[in-house]
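Student: Data file work.txt (compact mmCIF, C-alpha atoms) is appended below.
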```txt
# COMPACT_ATOMS: atom_id res chain seq x y z
CA MET G 1070 3.29 -27.94 6.89
CA PHE G 1071 1.76 -28.61 3.50
CA PRO G 1072 -0.31 -25.52 2.60
CA PRO G 1073 -2.60 -25.81 -0.43
CA GLU G 1074 -1.73 -23.97 -3.60
CA ARG G 1075 -3.78 -20.82 -4.11
CA ILE G 1076 -4.04 -18.05 -6.65
CA LEU G 1077 -3.91 -14.99 -4.41
CA MET G 1078 -6.21 -12.37 -5.92
CA GLY G 1079 -7.32 -10.67 -2.74
CA PRO G 1080 -6.16 -7.32 -1.33
CA GLY G 1081 -2.87 -8.90 -0.17
CA PRO G 1082 -0.73 -10.82 0.18
CA SER G 1083 -0.18 -11.40 -3.50
CA ASP G 1084 1.53 -14.35 -5.16
CA VAL G 1085 5.30 -14.38 -4.72
CA HIS G 1086 7.80 -15.09 -7.48
CA PRO G 1087 9.70 -18.37 -6.90
CA ALA G 1088 13.01 -16.45 -7.03
CA VAL G 1089 11.93 -14.48 -3.96
CA LEU G 1090 11.14 -17.65 -2.03
CA ARG G 1091 14.51 -19.11 -3.03
CA ALA G 1092 16.28 -15.97 -1.86
CA GLN G 1093 14.60 -16.20 1.52
CA SER G 1094 16.00 -19.71 1.99
CA GLN G 1095 19.62 -18.56 1.66
CA PRO G 1096 21.98 -18.88 4.66
CA LEU G 1097 21.67 -16.19 7.29
CA LEU G 1098 24.24 -13.48 7.88
CA GLY G 1099 24.40 -11.35 11.00
CA HIS G 1100 22.72 -7.99 10.58
CA LEU G 1101 26.03 -6.28 11.44
CA ASP G 1102 28.06 -8.50 9.09
CA PRO G 1103 29.92 -6.37 6.50
CA ASP G 1104 28.78 -8.81 3.81
CA PHE G 1105 25.17 -7.93 4.65
CA THR G 1106 25.73 -4.20 4.05
CA PRO G 1107 25.49 -4.52 0.24
CA VAL G 1108 22.03 -6.07 0.63
CA LEU G 1109 20.82 -3.00 2.54
CA GLU G 1110 22.37 -0.69 -0.03
CA GLN G 1111 20.79 -2.68 -2.88
CA ILE G 1112 17.37 -2.40 -1.21
CA ALA G 1113 17.74 1.35 -0.65
CA SER G 1114 18.69 1.88 -4.29
CA GLY G 1115 15.82 -0.22 -5.59
CA LEU G 1116 13.31 1.52 -3.36
CA ARG G 1117 14.50 4.93 -4.54
CA THR G 1118 13.80 3.79 -8.09
CA VAL G 1119 10.25 2.58 -7.43
CA PHE G 1120 9.43 5.57 -5.19
CA ARG G 1121 11.03 7.85 -7.82
CA THR G 1122 13.03 9.75 -5.25
CA GLY G 1123 16.57 10.75 -4.46
CA ASN G 1124 15.95 10.72 -0.70
CA PRO G 1125 18.99 9.33 1.13
CA VAL G 1126 16.76 8.14 3.99
CA THR G 1127 14.95 5.34 2.17
CA PHE G 1128 14.75 1.90 3.76
CA ALA G 1129 12.46 -0.92 4.87
CA VAL G 1130 10.92 -0.80 8.34
CA SER G 1131 11.19 -4.19 10.04
CA ALA G 1132 7.42 -4.75 10.24
CA THR G 1133 4.35 -4.77 8.00
CA GLY G 1134 2.78 -1.87 6.11
CA MET G 1135 0.83 -0.57 9.10
CA ALA G 1136 4.16 -0.03 10.86
CA GLY G 1137 5.11 2.15 7.91
CA MET G 1138 2.06 4.29 8.65
CA GLU G 1139 2.99 4.44 12.33
CA ALA G 1140 6.63 5.26 11.54
CA ALA G 1141 5.62 8.13 9.28
CA LEU G 1142 3.22 9.71 11.75
CA VAL G 1143 4.82 9.14 15.16
CA ASN G 1144 8.11 10.60 13.93
CA LEU G 1145 6.51 13.75 12.52
CA VAL G 1146 3.66 14.41 14.96
CA GLU G 1147 4.08 15.87 18.44
CA PRO G 1148 1.33 16.23 21.03
CA GLY G 1149 -0.88 19.22 20.27
CA ASP G 1150 -0.02 19.38 16.58
CA ASP G 1151 -2.74 19.90 14.00
CA VAL G 1152 -2.97 17.19 11.35
CA VAL G 1153 -5.21 17.05 8.26
CA VAL G 1154 -6.14 13.60 6.91
CA GLY G 1155 -8.19 12.59 3.89
CA VAL G 1156 -10.70 9.88 4.82
CA ASN G 1157 -12.63 7.99 2.14
CA GLY G 1158 -12.09 4.45 3.36
CA VAL G 1159 -10.64 2.25 6.08
CA PHE G 1160 -7.01 3.25 5.71
CA GLY G 1161 -7.58 6.98 5.72
CA GLY G 1162 -9.52 6.38 8.92
CA ARG G 1163 -6.59 4.45 10.36
CA MET G 1164 -4.20 7.25 9.48
CA ALA G 1165 -6.42 9.68 11.38
CA GLU G 1166 -6.53 7.34 14.38
CA VAL G 1167 -2.75 6.88 14.49
CA ALA G 1168 -2.33 10.67 14.42
CA ARG G 1169 -4.82 11.04 17.29
CA ARG G 1170 -2.94 8.45 19.34
CA ALA G 1171 0.25 10.46 18.75
CA GLY G 1172 -1.50 13.40 20.42
CA ALA G 1173 -2.56 15.36 17.35
CA THR G 1174 -5.71 17.39 16.82
CA VAL G 1175 -6.99 15.75 13.65
CA HIS G 1176 -9.08 17.51 11.01
CA THR G 1177 -10.54 15.15 8.42
CA VAL G 1178 -11.49 15.89 4.83
CA GLU G 1179 -14.01 13.22 3.94
CA ALA G 1180 -15.56 11.73 0.82
CA ASP G 1181 -18.05 8.93 0.23
CA TRP G 1182 -16.63 5.45 -0.12
CA GLY G 1183 -15.68 4.91 -3.74
CA ARG G 1184 -14.99 8.61 -4.36
CA ILE G 1185 -11.71 10.52 -4.32
CA ILE G 1186 -10.83 13.20 -1.79
CA ASP G 1187 -11.49 16.47 -3.62
CA PRO G 1188 -8.04 18.08 -4.08
CA ALA G 1189 -9.45 21.60 -3.72
CA ALA G 1190 -11.18 20.71 -0.43
CA PHE G 1191 -8.00 19.10 0.90
CA ILE G 1192 -5.85 22.09 -0.07
CA ASP G 1193 -8.39 24.43 1.54
CA ALA G 1194 -8.20 22.44 4.79
CA VAL G 1195 -4.41 22.70 4.78
CA GLU G 1196 -4.57 26.45 4.18
CA ARG G 1197 -7.11 26.91 7.01
CA HIS G 1198 -5.52 24.72 9.66
CA ARG G 1199 -1.83 25.09 8.76
CA PRO G 1200 -1.17 21.61 10.12
CA ARG G 1201 2.20 20.08 10.90
CA VAL G 1202 1.26 17.06 8.76
CA ALA G 1203 -1.25 16.36 5.98
CA GLY G 1204 -1.91 12.72 5.10
CA LEU G 1205 -3.50 10.95 2.13
CA VAL G 1206 -3.99 7.39 0.96
CA HIS G 1207 -2.85 7.09 -2.65
CA ALA G 1208 -4.51 3.72 -3.29
CA GLU G 1209 -7.38 3.08 -0.88
CA THR G 1210 -7.38 -0.69 -0.44
CA SER G 1211 -10.89 -0.78 1.00
CA THR G 1212 -12.50 0.93 -2.01
CA GLY G 1213 -10.19 0.60 -5.03
CA VAL G 1214 -9.94 4.38 -5.43
CA HIS G 1215 -6.86 5.95 -7.05
CA GLN G 1216 -6.30 9.33 -5.41
CA PRO G 1217 -4.76 12.17 -7.48
CA VAL G 1218 -1.83 13.69 -5.59
CA ALA G 1219 0.21 16.03 -7.82
CA GLU G 1220 -1.96 19.15 -7.38
CA ILE G 1221 -2.13 18.63 -3.63
CA GLY G 1222 1.61 18.08 -3.35
CA THR G 1223 2.40 21.30 -5.21
CA ALA G 1224 0.09 23.33 -2.96
CA VAL G 1225 1.33 21.78 0.30
CA ALA G 1226 4.97 22.28 -0.70
CA ASP G 1227 4.44 26.04 -0.44
CA THR G 1228 3.58 25.70 3.28
CA ASP G 1229 5.34 24.38 6.39
CA THR G 1230 3.10 21.31 6.30
CA LEU G 1231 4.69 17.92 5.66
CA LEU G 1232 2.83 15.66 3.21
CA VAL G 1233 2.56 11.96 4.09
CA LEU G 1234 1.39 9.50 1.42
CA ASP G 1235 0.21 5.92 1.95
CA THR G 1236 1.43 3.90 -1.06
CA VAL G 1237 0.91 0.44 0.44
CA THR G 1238 -1.18 -0.76 -2.50
CA SER G 1239 0.10 1.64 -5.15
CA LEU G 1240 3.89 1.14 -5.13
CA ALA G 1241 5.00 -0.71 -8.30
CA GLY G 1242 1.36 -1.01 -9.41
CA VAL G 1243 0.57 2.56 -10.46
CA ASP G 1244 2.85 5.53 -10.85
CA VAL G 1245 4.30 6.90 -7.59
CA ARG G 1246 6.41 10.08 -7.88
CA VAL G 1247 7.60 11.12 -4.44
CA ASP G 1248 9.91 13.92 -5.58
CA ASP G 1249 7.76 15.26 -8.42
CA TRP G 1250 4.71 15.39 -6.13
CA ASP G 1251 6.62 17.01 -3.23
CA VAL G 1252 5.78 14.16 -0.86
CA ASP G 1253 7.75 14.34 2.39
CA VAL G 1254 7.16 10.79 3.63
CA ALA G 1255 5.79 7.84 1.67
CA TYR G 1256 5.44 4.33 3.02
CA SER G 1257 4.35 1.02 1.55
CA GLY G 1258 4.19 -2.73 2.17
CA THR G 1259 6.02 -5.59 0.52
CA GLN G 1260 3.04 -7.94 0.10
CA LYS G 1261 1.16 -6.07 -2.60
CA CYS G 1262 2.55 -5.09 -6.01
CA LEU G 1263 6.16 -5.78 -5.00
CA SER G 1264 5.11 -9.46 -4.63
CA VAL G 1265 7.28 -10.14 -1.58
CA PRO G 1266 5.90 -11.86 1.54
CA PRO G 1267 4.48 -9.54 4.20
CA GLY G 1268 6.81 -8.38 6.94
CA LEU G 1269 8.53 -5.20 5.73
CA ALA G 1270 7.37 -1.62 5.15
CA PRO G 1271 9.36 0.37 2.58
CA ILE G 1272 9.54 4.03 3.57
CA THR G 1273 11.23 7.20 2.37
CA PHE G 1274 11.77 10.52 4.20
CA SER G 1275 12.59 13.81 2.49
CA GLU G 1276 15.45 15.87 3.90
CA ARG G 1277 12.85 18.37 5.13
CA ALA G 1278 11.06 15.59 7.03
CA VAL G 1279 14.31 14.26 8.54
CA GLN G 1280 15.21 17.76 9.72
CA ARG G 1281 11.76 18.15 11.31
CA VAL G 1282 12.28 14.88 13.20
CA ARG G 1283 15.68 16.06 14.45
CA GLU G 1284 14.12 19.33 15.66
CA ARG G 1285 11.42 17.67 17.78
CA THR G 1286 11.02 19.00 21.31
CA THR G 1287 9.45 15.76 22.62
CA PRO G 1288 10.58 12.14 22.31
CA VAL G 1289 9.14 10.08 19.46
CA GLN G 1290 6.18 8.13 20.82
CA SER G 1291 7.64 4.79 19.69
CA TRP G 1292 11.17 3.75 20.64
CA TYR G 1293 11.20 0.99 18.00
CA LEU G 1294 10.15 3.33 15.17
CA ASP G 1295 12.18 6.38 16.26
CA LEU G 1296 13.92 7.53 13.08
CA THR G 1297 16.76 9.20 14.97
CA LEU G 1298 17.65 5.83 16.51
CA LEU G 1299 17.12 3.87 13.29
CA LEU G 1300 19.50 6.16 11.43
CA GLY G 1301 22.31 4.98 13.68
CA TYR G 1302 21.98 1.56 12.04
CA LEU G 1303 20.96 2.65 8.56
CA ASP G 1304 23.71 5.23 8.05
CA GLY G 1305 26.81 3.10 7.63
CA ARG G 1306 29.17 6.08 7.34
CA GLY G 1307 29.66 6.21 11.10
CA GLY G 1308 29.49 2.46 11.65
CA ARG G 1309 26.22 0.62 12.08
CA THR G 1310 24.91 0.96 15.61
CA TYR G 1311 22.79 -1.93 16.88
CA HIS G 1312 19.13 -0.99 17.17
CA HIS G 1313 17.21 -4.22 16.59
CA THR G 1314 17.88 -7.54 14.90
CA ALA G 1315 17.01 -6.98 11.27
CA PRO G 1316 14.85 -9.67 9.58
CA ILE G 1317 17.62 -10.97 7.33
CA SER G 1318 15.63 -13.49 5.28
CA SER G 1319 12.83 -10.99 4.63
CA LEU G 1320 15.37 -8.45 3.42
CA TYR G 1321 16.90 -11.04 1.06
CA GLY G 1322 13.41 -11.48 -0.37
CA LEU G 1323 12.84 -7.75 -0.79
CA ALA G 1324 16.19 -7.30 -2.51
CA THR G 1325 15.26 -10.02 -4.99
CA GLY G 1326 11.72 -8.69 -5.46
CA LEU G 1327 13.08 -5.26 -6.30
CA ASP G 1328 15.54 -6.83 -8.74
CA LEU G 1329 12.59 -8.47 -10.50
CA VAL G 1330 10.80 -5.11 -10.77
CA LEU G 1331 13.87 -3.51 -12.28
CA GLU G 1332 14.48 -6.43 -14.66
CA GLU G 1333 10.93 -6.09 -15.98
CA GLY G 1334 11.27 -2.32 -16.04
CA LEU G 1335 9.14 -0.09 -13.84
CA GLU G 1336 7.25 1.44 -16.78
CA ALA G 1337 6.55 -2.01 -18.24
CA ARG G 1338 5.32 -3.24 -14.88
CA LEU G 1339 2.95 -0.29 -14.51
CA ALA G 1340 1.69 -0.84 -18.07
CA ARG G 1341 1.07 -4.53 -17.34
CA HIS G 1342 -1.08 -3.62 -14.34
CA ALA G 1343 -2.98 -0.99 -16.32
CA THR G 1344 -3.70 -3.30 -19.26
CA LEU G 1345 -4.78 -6.30 -17.23
CA GLY G 1346 -6.72 -4.18 -14.75
CA ALA G 1347 -8.74 -2.80 -17.66
CA LEU G 1348 -9.31 -6.35 -18.93
CA LEU G 1349 -10.61 -7.38 -15.50
CA HIS G 1350 -12.91 -4.35 -15.27
CA GLU G 1351 -14.35 -5.00 -18.72
CA GLY G 1352 -14.91 -8.65 -17.88
CA LEU G 1353 -16.69 -7.91 -14.62
CA GLU G 1354 -18.98 -5.38 -16.27
CA ALA G 1355 -19.70 -7.88 -19.06
CA LEU G 1356 -21.00 -10.20 -16.32
CA GLY G 1357 -23.41 -7.44 -15.28
CA LEU G 1358 -21.50 -6.52 -12.12
CA GLU G 1359 -21.07 -2.97 -10.79
CA LEU G 1360 -17.63 -1.50 -10.13
CA LEU G 1361 -17.81 0.59 -6.97
CA ALA G 1362 -14.89 2.97 -7.41
CA GLU G 1363 -15.44 6.30 -9.14
CA PRO G 1364 -14.98 6.15 -12.94
CA GLY G 1365 -11.69 7.69 -13.97
CA HIS G 1366 -10.17 6.95 -10.57
CA ARG G 1367 -10.20 3.16 -10.44
CA LEU G 1368 -7.10 1.24 -9.45
CA PRO G 1369 -6.07 -1.45 -11.93
CA GLN G 1370 -4.53 -3.59 -9.16
CA LEU G 1371 -7.38 -3.47 -6.62
CA THR G 1372 -10.99 -3.62 -7.76
CA THR G 1373 -14.13 -3.35 -5.64
CA VAL G 1374 -17.10 -5.01 -7.29
CA ALA G 1375 -20.68 -5.37 -6.04
CA LEU G 1376 -22.28 -8.81 -6.05
CA PRO G 1377 -25.97 -9.21 -6.98
CA ASP G 1378 -28.35 -8.51 -4.09
CA ASP G 1379 -29.68 -12.06 -4.10
CA VAL G 1380 -26.22 -13.67 -3.81
CA ASP G 1381 -24.56 -14.64 -0.53
CA GLU G 1382 -21.17 -13.12 -1.22
CA ALA G 1383 -19.40 -14.97 1.60
CA ALA G 1384 -20.68 -18.35 0.40
CA LEU G 1385 -19.74 -17.54 -3.20
CA ARG G 1386 -16.28 -16.41 -2.10
CA ALA G 1387 -15.81 -19.63 -0.15
CA ARG G 1388 -16.76 -21.69 -3.21
CA LEU G 1389 -14.33 -19.70 -5.36
CA LEU G 1390 -11.59 -20.67 -2.91
CA THR G 1391 -12.46 -24.31 -2.38
CA GLU G 1392 -13.55 -25.21 -5.93
CA HIS G 1393 -11.17 -23.03 -7.94
CA GLY G 1394 -8.32 -22.25 -5.56
CA ILE G 1395 -8.73 -18.49 -6.06
CA GLU G 1396 -8.72 -16.14 -3.09
CA VAL G 1397 -10.45 -12.76 -3.24
CA GLY G 1398 -11.20 -10.39 -0.37
CA ALA G 1399 -14.43 -9.45 1.33
CA GLY G 1400 -15.72 -5.91 1.35
CA LEU G 1401 -14.91 -3.69 4.33
CA GLY G 1402 -16.91 -1.01 6.09
CA THR G 1403 -19.66 0.39 3.88
CA PHE G 1404 -19.00 -2.35 1.33
CA ALA G 1405 -19.09 -5.25 3.82
CA GLY G 1406 -21.46 -8.05 2.88
CA ARG G 1407 -22.11 -6.82 -0.65
CA ALA G 1408 -18.77 -6.52 -2.42
CA TRP G 1409 -15.50 -8.24 -3.19
CA ARG G 1410 -12.04 -6.76 -3.33
CA ILE G 1411 -10.12 -8.34 -6.19
CA GLY G 1412 -6.37 -7.93 -6.28
CA LEU G 1413 -4.30 -8.07 -9.45
CA MET G 1414 -0.89 -7.38 -8.02
CA GLY G 1415 2.68 -8.05 -9.03
CA HIS G 1416 3.40 -11.68 -9.87
CA ALA G 1417 -0.34 -12.49 -9.74
CA CYS G 1418 -1.13 -9.83 -12.35
CA SER G 1419 -1.40 -12.04 -15.43
CA GLU G 1420 -3.91 -12.51 -18.24
CA ARG G 1421 -4.21 -16.18 -17.24
CA ASN G 1422 -5.37 -15.23 -13.75
CA VAL G 1423 -7.85 -12.66 -15.04
CA ARG G 1424 -9.46 -15.18 -17.38
CA LEU G 1425 -9.47 -17.95 -14.76
CA LEU G 1426 -11.24 -15.65 -12.30
CA LEU G 1427 -13.81 -14.40 -14.80
CA ALA G 1428 -14.62 -17.92 -15.99
CA ALA G 1429 -14.96 -19.21 -12.43
CA LEU G 1430 -17.12 -16.27 -11.40
CA GLU G 1431 -19.43 -16.68 -14.40
CA ARG G 1432 -19.90 -20.36 -13.54
CA LEU G 1433 -20.57 -19.66 -9.87
CA LEU G 1434 -23.06 -16.88 -10.62
CA ASP G 1435 -24.93 -19.16 -13.02
CA GLN G 1436 -25.23 -21.72 -10.23
CA ALA G 1437 -26.29 -19.21 -7.57
CA PRO G 1438 -29.88 -19.64 -6.33
CA ALA G 1439 -32.44 -17.48 -8.10
CA PRO G 1440 -34.27 -14.87 -6.01
CA THR G 1441 -37.50 -16.05 -4.43
CA ALA G 1442 -40.56 -14.92 -6.42
CA THR G 1443 -43.01 -12.63 -4.65
CA THR G 1444 -46.65 -11.92 -5.40
```
Is it possible to express this structure as structure tokens?
Tutor:
Amino acid sequence: MFPPERILMGPGPSDVHPAVLRAQSQPLLGHLDPDFTPVLEQIASGLRTVFRTGNPVTFAVSATGMAGMEAALVNLVEPGDDVVVGVNGVFGGRMAEVARRAGATVHTVEADWGRIIDPAAFIDAVERHRPRVAGLVHAETSTGVHQPVAEIGTAVADTDTLLVLDTVTSLAGVDVRVDDWDVDVAYSGTQKCLSVPPGLAPITFSERAVQRVRERTTPVQSWYLDLTLLLGYLDGRGGRTYHHTAPISSLYGLATGLDLVLEEGLEARLARHATLGALLHEGLEALGLELLAEPGHRLPQLTTVALPDDVDEAALRARLLTEHGIEVGAGLGTFAGRAWRIGLMGHACSERNVRLLLAALERLLDQAPAPTATT
């Protein structure tokens, strides 16, 4: 295998630091080896820092970010439960679908693509339906929208509802405050702003959420993602009980990726994303392109931008890849066929990459065919 070198500026995966790749090439240990235990403890500590939480039950699910979504919902939701979900893009829609498949009656609070879920409308839905779970996407990867959470978290904390937050694209890219926002379960993915290869889903459960799982009257829908079984392995105080074979090399990579976040400093990392995201936004608008996310609520690390009507976006995206070695993502759903999703995440979030992309895009747009004249 000799894959070409790319600059990964799509919605994920992002470029990986060489130290992470080196870590993943280290010799394997058994997942029950006592010398592997410090790696798990190091990961849990690092994740608590980036999630800004003291939750003891904080770990990495042995699967990609969507498994984090599944783990959050199937552990908390029982058949017949009411669930409220904010839907303003693909991943809010997926959250609603996972809850339905777990047997919930789902009530959606919707907003147009590119707009935030109105906090007041979401809080009103929670007060009316008194659901077991309320779910939101913090950073909607399909639209580039940055959802405000603090006001919602404070309101939901005064109810019996558990708040679930999707931070797949937000963790280590914009501020995530699980404890301050009264979030009960937050999950993420390694392949975005953590800049670790895909394959793990960081997740954290509040003590209230863990207690709710223990009090279930029906089995968790998924054996593999059943938190009560996973805790037998994760909680080393009683000896680690075999549940599944942990992905050792992936966990080495995550431990190293978290070390890199902490070496840079979480606040410095967030500031880097904010500064360079603003530089990208300014550059795109200077090219005459429209940013599709709502002003004031645009993610710095994931930007949706409309291409001119007369441009074949797929052909232009292919040229960007083949001629410049830069990958960006296609639009999804409402934005399909007319927009790009540009990632500026983790190790790939650099001024060099922003300027390379803007220069390449300006050149490609200049070479795009002019619209056919009509009379």
Student: Closest to Met1414 (chain G) among G:Ala1219, G:Cys1262, G:Leu1376, G:Val1225, using only C-alpha atoms?
Tutor: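 Using only C-alpha atoms, Met1414 (chain G) sits closest to G:Cys1262.
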Student: Any idea what the distance is between CA of Leu1296 (chain G) and CA of Val1243 (chain G)?
Tutor: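 Computing the Euclidean distance for CA of Leu1296 (chain G) and CA of Val1243 (chain G) yields 27.5 Å.
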Student: Thr1403 (chain G): which residues within 12 Å, counting only C-alpha atoms, same-chain residues fewer than 3 positions away excluded, as a VMD selection string?
Tutor: chain G and resid 1157 to 1159 1181 to 1183 1211 to 1212 1361 1373 1375 1399 to 1400 1406 to 1409
Student: Give me the residues near region 1334-1344 of chain G as a list in words, where near means some atom within 8 Å (using only C-alpha atoms) and where sequence neighbours in that chain fewer than 3 positions away do not count.
Tutor: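 Contacts, with the query itself left out: Val1119, Ala1241, Gly1242, Val1243, Asp1244, Val1330, Leu1331, Ala1347, Leu1348, Pro1369, Gln1370, Leu1413, Met1414, Gly1415 and Cys1418 of chain G.
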Student: Of the candidates G:Leu1353, G:His1198, G:Glu1382, G:Asp1251, which one gets nearest to Leu1427 (chain G) if we count all atoms listed in the file?
Tutor: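 Closest to Leu1427 (chain G) of all the choices is G:Leu1353.
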Student: Any idea what's packed within 10 Å of Asn1422 (chain G), counting only C-alpha atoms, ignoring anything in its chain fewer than 4 positions away? Could you give it as a short mmCIF file (atom, residue, chain, number, x, y, z; two decimals) with C-alpha atoms, in the frame of the given file?
Tutor:
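part-v1.cif was written with the following content:
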```
data_model
loop_
_atom_site.label_atom_id
_atom_site.label_comp_id
_atom_site.auth_asym_id
_atom_site.auth_seq_id
_atom_site.Cartn_x
_atom_site.Cartn_y
_atom_site.Cartn_z
CA ILE G 1076 -4.04 -18.05 -6.65
CA LEU G 1077 -3.91 -14.99 -4.41
CA MET G 1078 -6.21 -12.37 -5.92
CA LEU G 1345 -4.78 -6.30 -17.23
CA LEU G 1349 -10.61 -7.38 -15.50
CA ILE G 1395 -8.73 -18.49 -6.06
CA LEU G 1413 -4.30 -8.07 -9.45
CA ALA G 1417 -0.34 -12.49 -9.74
CA CYS G 1418 -1.13 -9.83 -12.35
CA LEU G 1426 -11.24 -15.65 -12.30
CA LEU G 1427 -13.81 -14.40 -14.80
CA ALA G 1428 -14.62 -17.92 -15.99
#
```
Student: Please provide the set of residues having any atom within 12 Å of region 1097-1114 of chain G, restricted to only C-alpha atoms, with same-chain residues fewer than 5 positions apart removed, written as a ChimeraX atom specification.
Tutor: /G:1092,1119-1130,1259,1269-1274,1302-1306,1308-1328,1330-1331
Student: Which residues are near His1176 (chain G)? Cut-off 7 Å, all atoms listed in the file, ignore same chain within fewer than 6 positions. Put them as a PyMOL selection string.
Tutor: chain G and resi 1152-1154
Student: Using CA of Ala1190 (chain G) and CA of Ile1411 (chain G) as the two end points, give the distance in Å to one decimal.
Tutor: 29.6 Å
Student: Of the candidates G:Leu1434, G:Val1423, G:Val1397, G:Val1279, which shows the shortest atom-to-atom distance to Asp1381 (chain G), using all atoms listed in the file?
Tutor: G:Leu1434
Student: Could you tell me how far CA of Leu1433 (chain G) sits from CA of Ala1387 (chain G), in Å to one decimal place?
Tutor: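 Interatomic distance, CA of Ala1387 (chain G) to CA of Leu1433 (chain G): 10.8 Å.
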Student: How would you write as a ChimeraX atom specification the residues that get within 12 Å of (-5.8, 10.9, -0.8) in the file's frame, counting all atoms listed in the file?
Tutor: /G:1153-1158,1160-1162,1164,1177-1180,1183-1192,1203-1210,1213-1222,1232-1236,1239,1366
Student: Can you work out which one of G:Gly1137, G:Gly1301, G:Pro1200, G:Gly1268 has the shortest atom-to-atom distance to Asp1229 (chain G), counting all atoms listed in the file?
Tutor: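 When distances to Asp1229 (chain G) are compared using all atoms listed in the file, the smallest one comes from G:Pro1200.
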